[in-house]
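What follows is a short report on a single structure.
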Amino acid sequence: METPVQAALVLAAQAGDQMAFEALVGRYRRELIVHCYRMLGSLHDAEDLVQETLLRAWEKRATLASPGSYRAWLYRIATNLCLNRLRSTPRRSLPPETHPVSDPGSSVPSRLQEPIWLEPFPDDLLADQHSDPQDRAERREQTTLAFLVALQRLTPAQRAILLLREVLEWPASEVASWLNLSVPAVNSGLQRARRALQGHNRFSETPVTLSSLQLHSLLDRYVTCWEQADIPGLVALLREDAWFTMPPLPMWFQGRAAIATELSTRVFIPGRNWRLLPTRANGSPAFGLYRQEAEAGAYQLFGLMVLGMVGEQIGSLVTFLELSSFSSFALPPTSPV
């Protein structure tokens, strides 16, 4: 959108033209959702906050002095709403961050339904498919579960500073103004945030070294092994130190042997069948996981599995079991036999 067009829309919106306002904010809605998701770790909360951001923008439309700063103005509103929300909500993460590693022989604990778990994010919302390929790749890297887990370890203020300065590349002076901080405070907060991220290695990922064809072949093997209950074949695709978790169950397993035991005792049991439907989440390969119990008809949607790739192998399996947490994915509730 050209600046003269944007300026005209801003002036029309300030005069009360709601259609102009919708045209103006429509181009920013998706990126604001991504920003709020990074801040909060929840897609549902992010969507709520973006709606509130746009409501505030409409109510305060007359206060915007410079039409050219409209995008920055929206980010300022959204960021401060996120910071307000984070004062009263717990930090979201995944079980390896909150619980000790589990014994495959132990009983299954009850689900923890409190809002403490990260929610998956559909890649379809990350960026316009007509945008620059490098931009899309960077957006994927900045929404991986590894990045989100590390990000949630920061204080809310550090999180906001890191995202606004490093990811969105806003000047330190603007970020300081938005957050009511001094420029030195923003710079020192950024340095602390960087050090905190560098010191968090549990979920570290290395770039995928497979070509598109090799990755496609690996994922095909993964689907075949899962649907045929081929545990040795499945485990062979994992790193030796791979980990597997299933939020909201507060449990996780590490290592091929522990994962193989968990799969054989509680996942691939007689009379139960599985189907996988490919999708993408958090910049990573993912699958809708469908389960069919003995003598049942259709396969029922059971979970969303996100694979963390490390080099040429699978380093993590995160299966989200709370269906409401991935309702924004285009996954049908059932899959035919």
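Naming scheme: A, B, ... for chains in displayed order of the structure tokens; residues 1 onward per chain; ligands 1 onward as shown.
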
Using only C-alpha atoms, what table do you get, as CSV, when you list each residue of range 176-294 of chain A with an atom no more than 7 Å from range 163-172 of chain A, its nearest pair of atoms, and their distance in Å rounded to one decimal, rows by chain then rising number?
residue,atom,partner,partner_atom,distance
A:Ala176,CA,A:Ala172,CA,6.0
A:Val183,CA,A:Ala172,CA,6.0
A:Val186,CA,A:Ala172,CA,6.5

Keeping only N, CA and C atoms, write the selected residues as a compact mmCIF listing (two decimals), in the first residue's frame.
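part31.txt written:
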# COMPACT_ATOMS: atom_id res chain seq x y z
N ALA A 176 11.68 2.54 23.42
CA ALA A 176 11.73 3.19 24.73
C ALA A 176 10.48 4.03 24.97
N VAL A 183 16.27 4.91 26.73
CA VAL A 183 17.00 4.18 25.70
C VAL A 183 18.06 3.26 26.32
N VAL A 186 16.37 0.13 27.51
CA VAL A 186 16.02 -0.76 26.40
C VAL A 186 17.25 -1.52 25.93

### Query
Tell me, which residues of range 159-205 of chain A carry DSSP alpha helix (DSSP H), written as a count of residues only?
28

### Message
Could you pull out the strand (DSSP E) residues of range 80-270 of chain A, going by DSSP on the backbone, and write them as a PyMOL selection string?
### Response
chain A and resi 238-245+252-254

What does the file look like for those residues with N, CA and C atoms, as a CSV table (one decimal), in the first residue's frame?
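After the write, part.csv holds the following:
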chain,number,residue,atom,x,y,z
A,238,LEU,N,14.8,-41.0,14.8
A,238,LEU,CA,15.0,-40.1,15.9
A,238,LEU,C,16.5,-39.9,16.2
A,239,ARG,N,16.9,-38.8,16.7
A,239,ARG,CA,18.2,-38.6,17.4
A,239,ARG,C,18.2,-39.5,18.6
A,240,GLU,N,19.4,-39.8,19.0
A,240,GLU,CA,19.6,-40.6,20.2
A,240,GLU,C,19.0,-39.9,21.5
A,241,ASP,N,19.1,-38.6,21.5
A,241,ASP,CA,18.6,-37.8,22.7
A,241,ASP,C,17.3,-37.2,22.4
A,242,ALA,N,16.5,-37.7,21.4
A,242,ALA,CA,15.2,-37.1,21.1
A,242,ALA,C,14.3,-37.1,22.3
A,243,TRP,N,13.3,-36.2,22.3
A,243,TRP,CA,12.4,-36.2,23.4
A,243,TRP,C,10.9,-36.1,22.9
A,244,PHE,N,10.0,-36.6,23.7
A,244,PHE,CA,8.6,-36.8,23.3
A,244,PHE,C,7.7,-36.3,24.4
A,245,THR,N,6.8,-35.4,24.1
A,245,THR,CA,5.8,-35.0,25.2
A,245,THR,C,4.5,-34.8,24.6
A,252,TRP,N,7.1,-36.3,30.0
A,252,TRP,CA,7.9,-36.3,28.8
A,252,TRP,C,9.0,-37.3,28.9
A,253,PHE,N,9.4,-37.8,27.8
A,253,PHE,CA,10.4,-38.9,27.7
A,253,PHE,C,11.5,-38.5,26.8
A,254,GLN,N,12.7,-39.0,27.2
A,254,GLN,CA,13.9,-38.6,26.5
A,254,GLN,C,14.7,-39.9,26.1

### Message
Give me, as a ChimeraX atom specification, all polymer residues having an atom no more than 12 Å from Ala229 in chain A, counting only C-alpha atoms and skipping those fewer than 6 positions away in the same chain.
### Response
/A:221-223,235,260,263-275

#### Entry: Distance in Å - CA of Pro250 in chain A versus CA of Ser102 in chain A
9.0 Å

### Message
Ranking A:Ala330, A:Val149, A:Leu289, A:Ile161 by minimum distance to Asp123 in chain A and counting only C-alpha atoms, which one comes first?
### Response
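Answer, going by the shortest atom-to-atom distance: A:Ala330.
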
Contacts of range 167-194 of chain A with range 77-87 of chain A up to 12 Å, shortest pair per row, only C-alpha atoms, as JSON lines:
{"residue": "A:Val175", "atom": "CA", "partner": "A:Thr79", "partner_atom": "CA", "distance": 10.2}
{"residue": "A:Ser177", "atom": "CA", "partner": "A:Asn80", "partner_atom": "CA", "distance": 11.6}
{"residue": "A:Trp178", "atom": "CA", "partner": "A:Asn80", "partner_atom": "CA", "distance": 8.0}
{"residue": "A:Leu179", "atom": "CA", "partner": "A:Asn80", "partner_atom": "CA", "distance": 7.4}
{"residue": "A:Asn180", "atom": "CA", "partner": "A:Asn80", "partner_atom": "CA", "distance": 10.2}

### Message
When you look at Leu215 in chain A with a cut-off of 12 Å (counting only C-alpha atoms), what residues show up, excluding the ones that are within fewer than 2 positions of it in the same chain? I need them as a list of chain:residue names.
### Response
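Selected residues are A:Val208, A:Thr209, A:Leu210, A:Ser211, A:Ser212, A:Leu213, A:Ser217, A:Leu218, A:Leu219, A:Asp220, A:Arg221, A:Tyr222, A:Leu237, A:Ser284, A:Pro285, A:Leu307, A:Met309, A:Val310, A:Gly311, A:Glu312, A:Gln313, A:Ile314.
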
Take the selection from the previous step and output its residues with C-alpha atoms, as a PDB file, in the first residue's frame.
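The resulting file, result03.pdb, is reproduced below:
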ATOM      1  CA  VAL A 208      17.708 -28.704   8.689  1.00  0.00           C
ATOM      2  CA  THR A 209      20.441 -30.010   6.394  1.00  0.00           C
ATOM      3  CA  LEU A 210      18.148 -32.150   4.260  1.00  0.00           C
ATOM      4  CA  SER A 211      17.058 -31.096   0.807  1.00  0.00           C
ATOM      5  CA  SER A 212      13.321 -30.753   0.198  1.00  0.00           C
ATOM      6  CA  LEU A 213      13.309 -34.164  -1.490  1.00  0.00           C
ATOM      7  CA  SER A 217      11.255 -38.896   1.971  1.00  0.00           C
ATOM      8  CA  LEU A 218      11.954 -38.852   5.720  1.00  0.00           C
ATOM      9  CA  LEU A 219       8.440 -37.632   6.496  1.00  0.00           C
ATOM     10  CA  ASP A 220       6.964 -40.301   4.227  1.00  0.00           C
ATOM     11  CA  ARG A 221       8.907 -42.953   6.160  1.00  0.00           C
ATOM     12  CA  TYR A 222       7.727 -41.443   9.420  1.00  0.00           C
ATOM     13  CA  LEU A 237      14.420 -41.727  12.501  1.00  0.00           C
ATOM     14  CA  SER A 284       7.950 -27.200  11.307  1.00  0.00           C
ATOM     15  CA  PRO A 285       6.507 -30.372   9.763  1.00  0.00           C
ATOM     16  CA  LEU A 307       8.257 -32.519  14.699  1.00  0.00           C
ATOM     17  CA  MET A 309      14.113 -31.343  13.067  1.00  0.00           C
ATOM     18  CA  VAL A 310      17.753 -31.305  14.180  1.00  0.00           C
ATOM     19  CA  GLY A 311      20.124 -31.661  11.264  1.00  0.00           C
ATOM     20  CA  GLU A 312      19.067 -34.785   9.369  1.00  0.00           C
ATOM     21  CA  GLN A 313      17.035 -36.382  12.175  1.00  0.00           C
ATOM     22  CA  ILE A 314      13.958 -35.769  14.298  1.00  0.00           C
TER      23      ILE A 314
END

### Message
Just to confirm, what's the straight-line distance from CA of Glu295 in chain A to CA of Trp226 in chain A in Å (one decimal)?
### Response
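Computing it gives 19.7 Å between the two atoms.
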
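Distance check against Gln18 in chain A using only C-alpha atoms: of A:Leu331, A:Ile259, A:Ala72, A:Glu59, the minimum falls on A:Glu59.
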
### Atom-to-atom span, CA of Leu301 in chain A and CA of Thr89 in chain A, Å
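Straight-line distance from CA of Leu301 in chain A to CA of Thr89 in chain A works out to 29.1 Å.
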
### Query
Restricting the calculation to only C-alpha atoms, which member of A:Arg194, A:Arg159, A:Arg153, A:His99 is positioned closest to Cys36 in chain A?
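Using only C-alpha atoms, the shortest distance to Cys36 in chain A belongs to A:Arg159.
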
### Query
So, counting only C-alpha atoms, which residue among A:Pro248, A:Leu145, A:Gly288, A:Pro278 is closest to Val108 in chain A?
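Distance minimum relative to Val108 in chain A lands on A:Pro248.
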
### Task
Considering only C-alpha atoms, return as a PyMOL selection string whatever protein or nucleic-acid residues lie within 6 Å of Thr319 in chain A, sequence-local ones (same chain, fewer than 6 positions apart) excluded.
chain A and resi 246+304-305

Those residues you just picked out, can you put them in a file as a PDB file, in the first residue's frame with N, CA and C atoms?
ATOM      1  N   MET A 246       3.450 -34.741  25.467  1.00  0.00           N
ATOM      2  CA  MET A 246       2.061 -34.698  25.028  1.00  0.00           C
ATOM      3  C   MET A 246       1.243 -33.755  25.918  1.00  0.00           C
ATOM      4  N   LEU A 304      -2.358 -33.106  17.589  1.00  0.00           N
ATOM      5  CA  LEU A 304      -1.544 -32.444  16.576  1.00  0.00           C
ATOM      6  C   LEU A 304      -0.088 -32.669  16.949  1.00  0.00           C
ATOM      7  N   MET A 305       0.649 -33.339  16.082  1.00  0.00           N
ATOM      8  CA  MET A 305       2.034 -33.698  16.349  1.00  0.00           C
ATOM      9  C   MET A 305       2.963 -32.777  15.561  1.00  0.00           C
TER      10      MET A 305
END

### Proximity to Leu148 in chain A - best of A:Leu40, A:Leu49, A:Ile231, A:Leu125, only C-alpha atoms
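Closest to Leu148 in chain A, using only C-alpha atoms: A:Leu40.
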
### Message
Using only C-alpha atoms for the distances, tell me which of A:Ala7, A:Leu43, A:Ala57, A:Gln300 is nearest to Glu22 in chain A.
### Response
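Among the listed residues, A:Ala57 lies closest to Glu22 in chain A.
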
### Task
Determine, counting only C-alpha atoms, which protein, DNA and RNA residues have an atom within 7 Å of an atom of range 24-34 of chain A; residues of the same chain fewer than 2 positions away are not included. Present the result as a ChimeraX atom specification.
/A:6,9,20-22,36-38,46-47,50,125-126

Output C-alpha atoms for every residue in that selection, as a PDB file, in the first residue's frame.
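Final file, result_11.pdb:
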ATOM      1  CA  GLN A   6      -2.555   4.935   3.562  1.00  0.00           C
ATOM      2  CA  LEU A   9      -7.393   5.850   4.595  1.00  0.00           C
ATOM      3  CA  ALA A  20     -11.639   2.771   5.435  1.00  0.00           C
ATOM      4  CA  PHE A  21     -10.594   1.625   8.894  1.00  0.00           C
ATOM      5  CA  GLU A  22     -11.133  -2.033   7.994  1.00  0.00           C
ATOM      6  CA  CYS A  36       0.968 -11.251  20.134  1.00  0.00           C
ATOM      7  CA  TYR A  37       1.414 -15.018  19.830  1.00  0.00           C
ATOM      8  CA  ARG A  38       5.147 -14.667  20.389  1.00  0.00           C
ATOM      9  CA  ALA A  46      -3.272 -13.500  20.616  1.00  0.00           C
ATOM     10  CA  GLU A  47      -6.456 -13.343  18.547  1.00  0.00           C
ATOM     11  CA  VAL A  50      -5.575  -8.261  18.366  1.00  0.00           C
ATOM     12  CA  LEU A 125      -0.966 -17.455   9.418  1.00  0.00           C
ATOM     13  CA  LEU A 126       2.746 -16.699   9.356  1.00  0.00           C
TER      14      LEU A 126
END
